[in-house]
>>> print(open('final-v4.csv').read())   # CSV, C-alpha atoms and all ligand atoms
chain,number,residue,atom,x,y,z
D,1,MET,CA,0.0,0.0,0.0
D,2,ALA,CA,1.4,3.4,-1.0
D,3,ASN,CA,1.9,6.3,1.3
D,4,ILE,CA,-1.0,8.6,1.0
D,5,ILE,CA,0.1,12.2,0.5
D,6,ASP,CA,-2.1,14.3,2.7
D,7,GLY,CA,-2.8,17.6,0.8
D,8,LYS,CA,-4.9,19.0,3.7
D,9,ALA,CA,-2.0,18.6,6.2
D,10,VAL,CA,0.6,20.0,3.8
D,11,SER,CA,-1.6,22.9,2.9
D,12,ALA,CA,-2.4,23.6,6.6
D,13,GLN,CA,1.3,23.8,7.3
D,14,VAL,CA,1.9,26.2,4.3
D,15,LYS,CA,-1.0,28.4,5.4
D,16,GLU,CA,0.2,28.4,9.0
D,17,ASN,CA,3.7,29.6,7.9
D,18,ILE,CA,2.0,32.3,5.8
D,19,ARG,CA,-0.2,33.4,8.8
D,20,ILE,CA,2.9,33.8,11.0
D,21,GLU,CA,4.6,35.9,8.3
D,22,ALA,CA,1.5,38.0,7.7
D,23,GLU,CA,1.2,38.6,11.5
D,24,ASN,CA,4.8,39.8,11.7
D,25,LEU,CA,4.3,42.1,8.7
D,26,LYS,CA,1.3,43.5,10.3
D,27,LYS,CA,3.4,44.5,13.3
D,28,GLN,CA,5.6,46.4,10.9
D,29,GLY,CA,2.5,48.2,9.6
D,30,ILE,CA,2.1,46.1,6.4
D,31,GLU,CA,-1.4,44.7,5.8
D,32,ILE,CA,-1.8,42.3,2.9
D,33,GLY,CA,-4.8,42.5,0.6
D,34,LEU,CA,-6.2,40.3,-2.2
D,35,ALA,CA,-8.9,41.5,-4.6
D,36,VAL,CA,-11.0,38.7,-6.0
D,37,VAL,CA,-13.2,39.6,-9.0
D,38,ILE,CA,-16.0,37.4,-10.1
D,39,VAL,CA,-18.3,38.1,-13.1
D,40,GLY,CA,-21.7,36.4,-13.3
D,41,ASN,CA,-23.3,33.6,-11.3
D,42,ASP,CA,-21.4,30.4,-12.2
D,43,PRO,CA,-22.0,28.2,-9.1
D,44,ALA,CA,-18.6,26.5,-9.1
D,45,SER,CA,-16.9,29.9,-9.4
D,46,GLN,CA,-19.0,31.2,-6.5
D,47,VAL,CA,-17.7,28.3,-4.3
D,48,TYR,CA,-14.0,28.9,-5.4
D,49,VAL,CA,-14.3,32.6,-4.6
D,50,ARG,CA,-15.9,31.8,-1.2
D,51,ASN,CA,-13.0,29.4,-0.4
D,52,LYS,CA,-10.4,32.0,-1.4
D,53,GLU,CA,-12.1,34.6,0.9
D,54,LYS,CA,-12.1,32.0,3.8
D,55,ALA,CA,-8.4,31.3,3.2
D,56,CYS,CA,-7.6,35.0,3.3
D,57,GLU,CA,-9.4,35.3,6.6
D,58,ALA,CA,-7.5,32.2,8.0
D,59,VAL,CA,-4.0,33.7,7.2
D,60,GLY,CA,-4.9,37.2,8.2
D,61,PHE,CA,-5.1,38.9,4.8
D,62,ASN,CA,-7.8,41.4,3.8
D,63,SER,CA,-9.9,40.2,1.0
D,64,TYR,CA,-11.8,42.5,-1.3
D,65,LYS,CA,-14.6,40.8,-3.3
D,66,TYR,CA,-15.9,42.5,-6.4
D,67,ALA,CA,-19.0,40.5,-7.7
D,68,LEU,CA,-20.0,42.0,-11.0
D,69,ASP,CA,-23.1,41.4,-13.0
D,70,GLU,CA,-23.2,38.8,-15.8
D,71,ASN,CA,-23.6,41.6,-18.4
D,72,THR,CA,-20.6,43.6,-17.3
D,73,THR,CA,-18.8,45.0,-20.4
D,74,GLU,CA,-15.1,44.6,-21.1
D,75,GLN,CA,-14.7,48.4,-20.6
D,76,GLU,CA,-16.3,48.2,-17.1
D,77,LEU,CA,-14.1,45.2,-16.1
D,78,LEU,CA,-10.9,46.9,-17.4
D,79,ALA,CA,-11.8,50.0,-15.5
D,80,LEU,CA,-12.1,48.0,-12.3
D,81,ILE,CA,-8.7,46.2,-13.0
D,82,ASP,CA,-7.1,49.6,-13.6
D,83,LYS,CA,-8.5,50.9,-10.2
D,84,LEU,CA,-7.2,47.8,-8.4
D,85,ASN,CA,-3.8,48.1,-10.2
D,86,ARG,CA,-3.5,51.5,-8.6
D,87,ASP,CA,-4.9,50.6,-5.2
D,88,GLU,CA,-2.0,50.3,-2.7
D,89,LYS,CA,-4.2,48.3,-0.3
D,90,VAL,CA,-4.5,45.6,-3.0
D,91,ASN,CA,-1.3,43.5,-3.4
D,92,GLY,CA,-2.8,40.7,-5.5
D,93,ILE,CA,-5.6,40.6,-8.1
D,94,LEU,CA,-7.4,37.5,-9.1
D,95,VAL,CA,-10.0,37.4,-11.7
D,96,GLN,CA,-12.0,34.2,-11.3
D,97,LEU,CA,-12.1,32.2,-14.6
D,98,PRO,CA,-14.0,31.3,-16.7
D,99,LEU,CA,-15.4,34.7,-17.6
D,100,PRO,CA,-18.8,35.0,-19.4
D,101,LYS,CA,-18.4,34.3,-23.1
D,102,HIS,CA,-18.5,37.9,-24.2
D,103,LEU,CA,-15.4,38.7,-22.2
D,104,ASP,CA,-11.9,37.8,-23.5
D,105,ASP,CA,-9.8,36.2,-20.7
D,106,LYS,CA,-6.6,37.1,-22.4
D,107,VAL,CA,-7.4,40.8,-22.6
D,108,ILE,CA,-8.4,41.0,-19.0
D,109,ILE,CA,-5.4,39.0,-17.7
D,110,ASN,CA,-3.0,41.1,-19.8
D,111,ASN,CA,-4.3,44.2,-18.1
D,112,ILE,CA,-3.5,43.1,-14.6
D,113,LEU,CA,-0.1,44.5,-13.4
D,114,PRO,CA,2.3,41.5,-13.5
D,115,GLU,CA,3.4,42.5,-10.0
D,116,LYS,CA,-0.2,41.9,-8.8
D,117,ASP,CA,-0.9,38.8,-11.0
D,118,VAL,CA,-1.0,36.3,-8.1
D,119,ASP,CA,-2.5,33.6,-10.4
D,120,ALA,CA,0.7,33.9,-12.6
D,121,PHE,CA,-1.3,33.9,-15.8
D,122,HIS,CA,0.1,37.2,-17.2
D,123,PRO,CA,2.5,36.6,-20.2
D,124,VAL,CA,5.3,38.3,-18.3
D,125,ASN,CA,5.0,35.9,-15.4
D,126,VAL,CA,4.6,32.9,-17.8
D,127,GLY,CA,7.8,34.0,-19.5
D,128,LYS,CA,9.6,34.3,-16.2
D,129,ILE,CA,8.7,30.8,-15.3
D,130,MET,CA,10.1,29.6,-18.6
D,131,ILE,CA,13.5,31.2,-17.8
D,132,GLY,CA,13.5,30.0,-14.2
D,133,ASP,CA,13.3,33.5,-12.7
D,134,TYR,CA,9.9,34.0,-11.2
D,135,SER,CA,8.0,36.0,-8.6
D,136,PHE,CA,4.9,33.9,-8.7
D,137,LEU,CA,4.3,30.3,-9.7
D,138,PRO,CA,1.0,29.1,-11.1
D,139,CYS,CA,-0.8,27.9,-8.0
D,140,THR,CA,-1.6,24.3,-8.9
D,141,PRO,CA,1.8,23.3,-10.2
D,142,ALA,CA,3.4,25.1,-7.3
D,143,GLY,CA,1.1,23.0,-5.0
D,144,VAL,CA,2.2,19.8,-6.7
D,145,MET,CA,5.9,20.7,-6.1
D,146,GLU,CA,5.1,21.2,-2.4
D,147,LEU,CA,3.5,17.8,-2.3
D,148,ILE,CA,6.4,16.1,-4.0
D,149,LYS,CA,8.7,17.9,-1.5
D,150,SER,CA,6.7,16.5,1.4
D,151,THR,CA,7.5,13.0,0.3
D,152,GLY,CA,11.2,13.7,0.6
D,153,THR,CA,11.8,12.7,-3.0
D,154,ASP,CA,14.8,14.4,-4.7
D,155,ILE,CA,13.6,15.2,-8.2
D,156,THR,CA,17.2,15.5,-9.6
D,157,GLY,CA,17.7,12.9,-12.3
D,158,LYS,CA,14.3,11.4,-11.9
D,159,LYS,CA,12.1,10.5,-14.9
D,160,CYS,CA,9.1,12.7,-14.6
D,161,VAL,CA,6.0,12.4,-16.8
D,162,VAL,CA,3.3,15.0,-16.9
D,163,ILE,CA,0.1,14.1,-18.6
D,164,GLY,CA,-1.6,17.3,-20.0
D,165,ARG,CA,-0.1,20.3,-21.7
D,166,SER,CA,-2.5,23.1,-20.7
D,167,ASN,CA,-1.1,26.6,-20.0
D,168,ILE,CA,-2.3,26.6,-16.4
D,169,VAL,CA,-1.2,23.1,-15.3
D,170,GLY,CA,0.7,20.8,-17.7
D,171,LYS,CA,3.2,23.2,-19.3
D,172,PRO,CA,4.2,25.1,-16.1
D,173,MET,CA,4.3,21.8,-14.2
D,174,ALA,CA,6.8,20.4,-16.7
D,175,MET,CA,8.9,23.5,-16.4
D,176,LEU,CA,9.0,23.4,-12.6
D,177,LEU,CA,10.1,19.8,-12.6
D,178,LEU,CA,12.8,20.6,-15.2
D,179,HIS,CA,14.0,23.5,-13.0
D,180,LYS,CA,14.5,20.9,-10.3
D,181,ASN,CA,16.6,18.8,-12.7
D,182,GLY,CA,14.0,16.2,-13.5
D,183,THR,CA,14.1,14.5,-16.9
D,184,VAL,CA,10.7,15.5,-18.1
D,185,THR,CA,8.3,14.1,-20.7
D,186,ILE,CA,5.0,15.8,-21.5
D,187,CYS,CA,2.1,13.7,-22.7
D,188,HIS,CA,-1.2,14.7,-24.3
D,189,SER,CA,-4.1,13.3,-26.3
D,190,LYS,CA,-1.9,12.5,-29.3
D,191,THR,CA,0.8,10.6,-27.3
D,192,ASN,CA,1.5,7.1,-28.6
D,193,ASP,CA,1.3,4.3,-26.1
D,194,LEU,CA,0.6,6.4,-23.0
D,195,PRO,CA,0.7,3.5,-20.5
D,196,LYS,CA,4.2,2.6,-21.6
D,197,VAL,CA,5.5,6.2,-21.3
D,198,CYS,CA,3.9,6.7,-17.9
D,199,SER,CA,5.1,3.3,-16.6
D,200,GLN,CA,8.7,4.5,-16.9
D,201,ALA,CA,8.0,7.5,-14.6
D,202,ASP,CA,9.5,7.9,-11.2
D,203,ILE,CA,7.2,10.9,-10.7
D,204,LEU,CA,3.9,10.9,-12.6
D,205,VAL,CA,1.6,13.9,-12.6
D,206,ALA,CA,-1.8,13.5,-14.2
D,207,ALA,CA,-3.6,16.6,-15.3
D,208,VAL,CA,-6.0,15.3,-17.9
D,209,GLY,CA,-9.6,15.8,-16.8
D,210,LYS,CA,-10.7,12.3,-17.5
D,211,PRO,CA,-12.1,10.3,-14.6
D,212,LYS,CA,-9.9,7.4,-13.5
D,213,ILE,CA,-8.1,6.9,-16.8
D,214,ILE,CA,-4.8,6.1,-15.1
D,215,THR,CA,-4.8,2.5,-13.9
D,216,ALA,CA,-2.0,0.3,-12.4
D,217,ASP,CA,-0.5,-0.5,-15.8
D,218,TYR,CA,0.5,3.2,-16.2
D,219,ILE,CA,2.4,3.1,-12.9
D,220,LYS,CA,6.0,2.1,-12.2
D,221,GLU,CA,6.3,0.2,-8.9
D,222,GLY,CA,7.1,2.7,-6.1
D,223,ALA,CA,6.5,5.8,-8.2
D,224,VAL,CA,5.2,9.1,-6.8
D,225,VAL,CA,1.8,9.6,-8.3
D,226,ILE,CA,0.2,13.1,-8.2
D,227,ASP,CA,-3.4,13.4,-9.4
D,228,VAL,CA,-4.4,16.9,-10.4
D,229,GLY,CA,-7.7,15.9,-12.0
D,230,MET,CA,-11.0,17.0,-10.5
D,231,ASP,CA,-13.5,14.9,-12.3
D,232,ARG,CA,-16.8,13.2,-11.6
D,233,ASP,CA,-17.2,9.4,-11.7
D,234,GLU,CA,-20.2,7.6,-13.1
D,235,ASN,CA,-22.2,8.3,-9.9
D,236,GLY,CA,-21.4,12.0,-10.0
D,237,LYS,CA,-18.9,11.6,-7.1
D,238,LEU,CA,-15.7,13.7,-7.1
D,239,CYS,CA,-12.7,11.7,-8.3
D,240,GLY,CA,-9.4,12.2,-10.0
D,241,ASP,CA,-7.7,11.1,-13.3
D,242,VAL,CA,-6.0,8.3,-11.3
D,243,ASP,CA,-8.0,5.2,-10.4
D,244,PHE,CA,-6.9,5.4,-6.8
D,245,GLU,CA,-8.1,2.0,-5.6
D,246,ASN,CA,-6.4,0.3,-8.6
D,247,CYS,CA,-3.1,2.1,-8.3
D,248,LYS,CA,-2.6,2.5,-4.5
D,249,ASP,CA,-0.8,-0.8,-4.1
D,250,LYS,CA,1.7,-0.2,-6.9
D,251,ALA,CA,2.6,3.5,-6.2
D,252,GLY,CA,5.1,4.5,-3.6
D,253,TYR,CA,3.3,7.7,-2.8
D,254,ILE,CA,-0.1,8.8,-4.1
D,255,THR,CA,-2.5,11.8,-3.7
D,256,PRO,CA,-6.2,11.2,-3.1
D,257,VAL,CA,-9.0,13.2,-4.7
D,258,PRO,CA,-10.4,15.0,-2.8
D,259,GLY,CA,-7.7,16.0,-0.2
D,260,GLY,CA,-4.6,15.9,-2.4
D,261,VAL,CA,-3.7,18.7,-4.9
D,262,GLY,CA,-7.0,20.7,-4.4
D,263,PRO,CA,-6.2,22.1,-1.0
D,264,MET,CA,-2.7,23.1,-2.1
D,265,THR,CA,-3.9,25.4,-4.9
D,266,ILE,CA,-5.5,27.9,-2.6
D,267,ALA,CA,-2.5,27.7,-0.2
D,268,MET,CA,-0.2,28.6,-3.0
D,269,LEU,CA,-2.4,31.5,-4.0
D,270,MET,CA,-2.0,32.8,-0.4
D,271,GLN,CA,1.8,32.3,-0.8
D,272,ASN,CA,1.8,34.3,-4.0
D,273,THR,CA,-0.1,37.1,-2.4
D,274,LEU,CA,2.3,37.2,0.5
D,275,THR,CA,5.2,37.3,-2.0
D,276,ALA,CA,3.5,40.2,-3.9
D,277,ALA,CA,3.0,42.2,-0.7
D,278,LYS,CA,6.7,41.6,0.3
D,279,GLN,CA,7.9,42.7,-3.1
D,280,GLN,CA,5.7,45.7,-3.3
D,281,ASN,CA,7.1,46.8,0.1
D,282,GLY,CA,10.7,46.3,-1.0
D,283,LEU,CA,11.2,43.2,1.2
D,284,LEU,CA,12.0,40.7,-1.5
D,285,GLU,CA,13.8,40.3,-4.8
D,286,GLY,CA,12.4,37.9,-7.5
D,287,GLN,CA,13.1,34.3,-6.6
D,288,SER,CA,15.4,32.5,-9.0
D,289,GLU,CA,16.4,29.0,-9.8
D,290,LYS,CA,20.0,28.1,-10.3
D,291,SER,CA,19.8,25.7,-13.2
D,292,ALA,CA,22.0,22.7,-13.8
D,293,ASP,CA,24.5,24.8,-15.8
D,294,GLY,CA,25.0,26.9,-12.6
D,295,LYS,CA,23.7,30.2,-14.2
D,296,ASP,CA,21.7,32.4,-12.0
D,297,ARG,CA,18.6,33.1,-14.0
D,298,ASN,CA,18.0,36.3,-12.0
D,299,MET,CA,20.8,37.9,-14.0
D,300,TRP,CA,18.8,37.2,-17.2
D,301,ASN,CA,16.0,39.0,-15.7
D,302,LYS,CA,18.1,42.0,-14.8
D,303,LEU,CA,19.5,42.1,-18.3
D,304,PHE,CA,16.4,41.4,-20.4
D,305,LEU,CA,13.2,42.1,-18.5
D,306,HIS,CA,12.2,45.5,-17.4
D,307,THR,CA,9.0,44.9,-15.6
D,401,LIG,P1,-7.3,20.9,-20.1
D,401,LIG,O1,-6.9,22.3,-20.4
D,401,LIG,O2,-8.5,20.3,-20.6
D,401,LIG,O3,-6.0,20.0,-20.5
D,401,LIG,C1,-6.2,18.6,-20.5
D,401,LIG,C2,-4.9,18.0,-21.1
D,401,LIG,O4,-5.1,16.6,-21.0
D,401,LIG,C3,-4.7,18.4,-22.5
D,401,LIG,O5,-3.3,18.7,-22.8
D,401,LIG,C4,-5.1,17.1,-23.3
D,401,LIG,O6,-4.3,16.9,-24.5
D,401,LIG,C5,-4.8,16.0,-22.3
D,401,LIG,N1,-5.6,14.8,-22.5
D,401,LIG,C6,-6.9,14.8,-22.7
D,401,LIG,N2,-7.3,13.5,-22.9
D,401,LIG,C7,-6.2,12.7,-22.9
D,401,LIG,C8,-5.9,11.4,-23.0
D,401,LIG,N3,-6.9,10.5,-23.2
D,401,LIG,N4,-4.6,11.0,-22.9
D,401,LIG,C9,-3.6,11.8,-22.7
D,401,LIG,N5,-3.8,13.2,-22.6
D,401,LIG,C10,-5.1,13.6,-22.6
D,401,LIG,O7,-7.3,20.7,-18.5
D,401,LIG,P2,-6.5,21.5,-17.3
D,401,LIG,O8,-7.1,22.8,-17.1
D,401,LIG,O9,-5.1,21.3,-17.5
D,401,LIG,O10,-7.0,20.6,-16.1
D,401,LIG,C11,-6.7,19.2,-16.0
D,401,LIG,C12,-7.4,18.6,-14.8
D,401,LIG,O11,-7.0,19.2,-13.7
D,401,LIG,C13,-9.0,18.8,-14.8
D,401,LIG,O12,-9.6,17.7,-14.2
D,401,LIG,C14,-9.1,20.0,-13.9
D,401,LIG,O13,-10.4,20.1,-13.3
D,401,LIG,C15,-8.0,19.8,-12.9
D,401,LIG,N6,-7.5,21.0,-12.2
D,401,LIG,C16,-7.5,20.9,-10.9
D,401,LIG,C17,-7.0,21.9,-10.1
D,401,LIG,C18,-6.9,21.8,-8.7
D,401,LIG,O14,-6.8,22.8,-8.0
D,401,LIG,N7,-6.9,20.6,-8.1
D,401,LIG,C19,-6.6,23.1,-10.8
D,401,LIG,C20,-6.6,23.1,-12.2
D,401,LIG,C21,-7.1,22.1,-12.9
D,401,LIG,P3,-4.4,17.8,-25.8
D,401,LIG,O15,-3.6,19.0,-25.4
D,401,LIG,O16,-3.8,17.0,-26.9
D,401,LIG,O17,-5.9,18.1,-26.0
>>> encode(input="final-v4.csv", output="structure tokens")
Amino acid sequence: MANIIDGKAVSAQVKENIRIEAENLKKQGIEIGLAVVIVGNDPASQVYVRNKEKACEAVGFNSYKYALDENTTEQELLALIDKLNRDEKVNGILVQLPLPKHLDDKVIINNILPEKDVDAFHPVNVGKIMIGDYSFLPCTPAGVMELIKSTGTDITGKKCVVIGRSNIVGKPMAMLLLHKNGTVTICHSKTNDLPKVCSQADILVAAVGKPKIITADYIKEGAVVIDVGMDRDENGKLCGDVDFENCKDKAGYITPVPGGVGPMTIAMLMQNTLTAAKQQNGLLEGQSEKSADGKDRNMWNKLFLHT
């Protein structure tokens, strides 16, 4: 039986560390604020936003919720973003996706100041992740990295397989594993012989969105298996991309759904908001990864990026 990675416990620890830091900053007169913008009445989005507000409360951040009407125009939403970009009380801005169809996600995201883009979706932040010199990491992949760390697994030299190539999970996930010296393969719907590729992985991250498609024949004995999927099974019950019951005896470590990656995503959003507040108050430089060639990527930032 694999060790079950307890995402709730790891996220509770991350949030507790953030709470302590936020408390200390408050003593120095620095209050941390996250603005969450939601447009329309999508029930799932309402739940996500409520959870983000609760997390802010738990770690001692101020949260500012802007619930806009379904028919809000692009101009109105951009005016709000502009106001939040200028508001010193707001360190991070999160626009809950998906937006109603008449609004273009890209236009909205591109207008958030990169320094306040705590989802790390702005092209500047995406580019920084690529060169290993980042301020913010996309929350879900960052949460996965924390979960892998919690197992004590050293990623260096390991065969890592990421299933999924979306901009918010698969691609940045692969990049983070690469920065930690993993040998990374990215799979997708056109990959030939997916079970064979996956069964060679020491670390397997599934971000597909298909309930229980990963079965024991995809798993290498003793592998670390991280399930990002948030799917519904045939009975409408929440499950992951990994068939947990089928795989748990073969994996070395495995995340459950729920209670694995899910709780980490919000914890990492809080982490990004803390980072934003520290940077905006001159308390932090951008983080950087020293890559295998020993180059400090932060230098690249100083030379090429003026953000
Ligand atoms: P997405 O944009 O739909 O991407 C899915 C990826 O899976 C695509 O790259 C697709 O390949 C690939 N894929 C689909 N069917 C496949 C198959 N049969 N074999 C191999 N690859 C296949 O989804 P996403 O936004 O990355 O999310 C993925 C999952 O993670 C979803 O279940 C989502 O709900 C969940 N999620 C969870 C969290 C969390 O906090 N826990 C956060 C974000 C997402 P192509 O590119 O070839 O189409």
>>> residues_near_ligand(input="final-v4.csv", ligand="ligand LIG 401 (chain D)", cutoff="7 Å", atoms="all atoms listed in the file", output="ChimeraX atom specification")
/D:140,163-166,168-170,187-191,194,207-210,228-231,240-241,261-262,265
>>> write_last_selection(input="final-v4.csv", atoms="C-alpha atoms", output="tab-separated table (two decimals), in the frame of the given file")
chain	number	residue	atom	x	y	z
D	140	THR	CA	-1.60	24.30	-8.90
D	163	ILE	CA	0.10	14.10	-18.60
D	164	GLY	CA	-1.60	17.30	-20.00
D	165	ARG	CA	-0.10	20.30	-21.70
D	166	SER	CA	-2.50	23.10	-20.70
D	168	ILE	CA	-2.30	26.60	-16.40
D	169	VAL	CA	-1.20	23.10	-15.30
D	170	GLY	CA	0.70	20.80	-17.70
D	187	CYS	CA	2.10	13.70	-22.70
D	188	HIS	CA	-1.20	14.70	-24.30
D	189	SER	CA	-4.10	13.30	-26.30
D	190	LYS	CA	-1.90	12.50	-29.30
D	191	THR	CA	0.80	10.60	-27.30
D	194	LEU	CA	0.60	6.40	-23.00
D	207	ALA	CA	-3.60	16.60	-15.30
D	208	VAL	CA	-6.00	15.30	-17.90
D	209	GLY	CA	-9.60	15.80	-16.80
D	210	LYS	CA	-10.70	12.30	-17.50
D	228	VAL	CA	-4.40	16.90	-10.40
D	229	GLY	CA	-7.70	15.90	-12.00
D	230	MET	CA	-11.00	17.00	-10.50
D	231	ASP	CA	-13.50	14.90	-12.30
D	240	GLY	CA	-9.40	12.20	-10.00
D	241	ASP	CA	-7.70	11.10	-13.30
D	261	VAL	CA	-3.70	18.70	-4.90
D	262	GLY	CA	-7.00	20.70	-4.40
D	265	THR	CA	-3.90	25.40	-4.90
>>> closest_residue(input="final-v4.csv", among="D:Ile155, D:Leu34, D:Val90, D:Cys139", to="Leu269 (chain D)", atoms="only C-alpha atoms")
D:Cys139
>>> residues_around(input="final-v4.csv", residues="Glu21 (chain D)", least_positions_apart="2", cutoff="12 Å", atoms="only C-alpha atoms", output="PDB file with C-alpha atoms, keeping the file's coordinate frame")
ATOM      1  CA  VAL D  14       1.900  26.200   4.300  1.00  0.00           C
ATOM      2  CA  LYS D  15      -1.000  28.400   5.400  1.00  0.00           C
ATOM      3  CA  GLU D  16       0.200  28.400   9.000  1.00  0.00           C
ATOM      4  CA  ASN D  17       3.700  29.600   7.900  1.00  0.00           C
ATOM      5  CA  ILE D  18       2.000  32.300   5.800  1.00  0.00           C
ATOM      6  CA  ARG D  19      -0.200  33.400   8.800  1.00  0.00           C
ATOM      7  CA  GLU D  23       1.200  38.600  11.500  1.00  0.00           C
ATOM      8  CA  ASN D  24       4.800  39.800  11.700  1.00  0.00           C
ATOM      9  CA  LEU D  25       4.300  42.100   8.700  1.00  0.00           C
ATOM     10  CA  LYS D  26       1.300  43.500  10.300  1.00  0.00           C
ATOM     11  CA  LYS D  27       3.400  44.500  13.300  1.00  0.00           C
ATOM     12  CA  GLN D  28       5.600  46.400  10.900  1.00  0.00           C
ATOM     13  CA  ILE D  30       2.100  46.100   6.400  1.00  0.00           C
ATOM     14  CA  GLU D  31      -1.400  44.700   5.800  1.00  0.00           C
ATOM     15  CA  ILE D  32      -1.800  42.300   2.900  1.00  0.00           C
ATOM     16  CA  VAL D  59      -4.000  33.700   7.200  1.00  0.00           C
ATOM     17  CA  GLY D  60      -4.900  37.200   8.200  1.00  0.00           C
ATOM     18  CA  PHE D  61      -5.100  38.900   4.800  1.00  0.00           C
ATOM     19  CA  MET D 270      -2.000  32.800  -0.400  1.00  0.00           C
ATOM     20  CA  GLN D 271       1.800  32.300  -0.800  1.00  0.00           C
ATOM     21  CA  THR D 273      -0.100  37.100  -2.400  1.00  0.00           C
ATOM     22  CA  LEU D 274       2.300  37.200   0.500  1.00  0.00           C
ATOM     23  CA  THR D 275       5.200  37.300  -2.000  1.00  0.00           C
ATOM     24  CA  ALA D 277       3.000  42.200  -0.700  1.00  0.00           C
ATOM     25  CA  LYS D 278       6.700  41.600   0.300  1.00  0.00           C
TER      26      LYS D 278
END
>>> closest_residue(input="final-v4.csv", among="D:Ala120, D:Leu99, D:Ala9, D:Val224", to="Pro172 (chain D)", atoms="all atoms listed in the file")
D:Ala120
>>> atom_distance(input="final-v4.csv", atom1="CA of Lys171 (chain D)", atom2="CA of Ile129 (chain D)")
10.2 Å
>>> atom_distance(input="final-v4.csv", atom1="CA of Ile5 (chain D)", atom2="CA of Leu147 (chain D)")
7.1 Å
>>> decode(input="final-v4.csv", residues="region 60-71 of chain D", atoms="N, CA, C and O atoms", output="tab-separated table (two decimals), in the first residue's frame")
chain	number	residue	atom	x	y	z
D	60	GLY	N	-4.99	35.84	7.73
D	60	GLY	CA	-4.90	37.23	8.20
D	60	GLY	C	-4.74	38.26	7.09
D	60	GLY	O	-4.22	39.36	7.33
D	61	PHE	N	-5.15	37.91	5.86
D	61	PHE	CA	-5.13	38.90	4.77
D	61	PHE	C	-6.49	39.60	4.71
D	61	PHE	O	-7.51	39.01	5.08
D	62	ASN	N	-6.50	40.81	4.16
D	62	ASN	CA	-7.77	41.45	3.83
D	62	ASN	C	-8.20	40.94	2.46
D	62	ASN	O	-7.38	40.87	1.54
D	63	SER	N	-9.49	40.58	2.34
D	63	SER	CA	-9.93	40.20	0.99
D	63	SER	C	-11.00	41.18	0.54
D	63	SER	O	-11.84	41.61	1.34
D	64	TYR	N	-10.89	41.57	-0.70
D	64	TYR	CA	-11.84	42.53	-1.29
D	64	TYR	C	-12.54	41.82	-2.44
D	64	TYR	O	-11.90	41.49	-3.44
D	65	LYS	N	-13.82	41.58	-2.25
D	65	LYS	CA	-14.55	40.85	-3.30
D	65	LYS	C	-15.33	41.82	-4.18
D	65	LYS	O	-16.02	42.71	-3.67
D	66	TYR	N	-15.18	41.65	-5.48
D	66	TYR	CA	-15.94	42.45	-6.45
D	66	TYR	C	-16.80	41.49	-7.27
D	66	TYR	O	-16.29	40.78	-8.13
D	67	ALA	N	-18.09	41.43	-6.94
D	67	ALA	CA	-19.01	40.55	-7.66
D	67	ALA	C	-19.75	41.40	-8.70
D	67	ALA	O	-20.53	42.28	-8.34
D	68	LEU	N	-19.45	41.14	-9.96
D	68	LEU	CA	-20.01	41.96	-11.04
D	68	LEU	C	-21.11	41.19	-11.76
D	68	LEU	O	-21.10	39.96	-11.85
D	69	ASP	N	-22.00	41.98	-12.30
D	69	ASP	CA	-23.13	41.43	-13.04
D	69	ASP	C	-22.67	40.65	-14.28
D	69	ASP	O	-21.65	41.01	-14.90
D	70	GLU	N	-23.41	39.62	-14.62
D	70	GLU	CA	-23.16	38.77	-15.81
D	70	GLU	C	-22.93	39.61	-17.09
D	70	GLU	O	-22.16	39.24	-17.97
D	71	ASN	N	-23.64	40.76	-17.17
D	71	ASN	CA	-23.58	41.56	-18.40
D	71	ASN	C	-22.52	42.67	-18.36
D	71	ASN	O	-22.53	43.55	-19.22
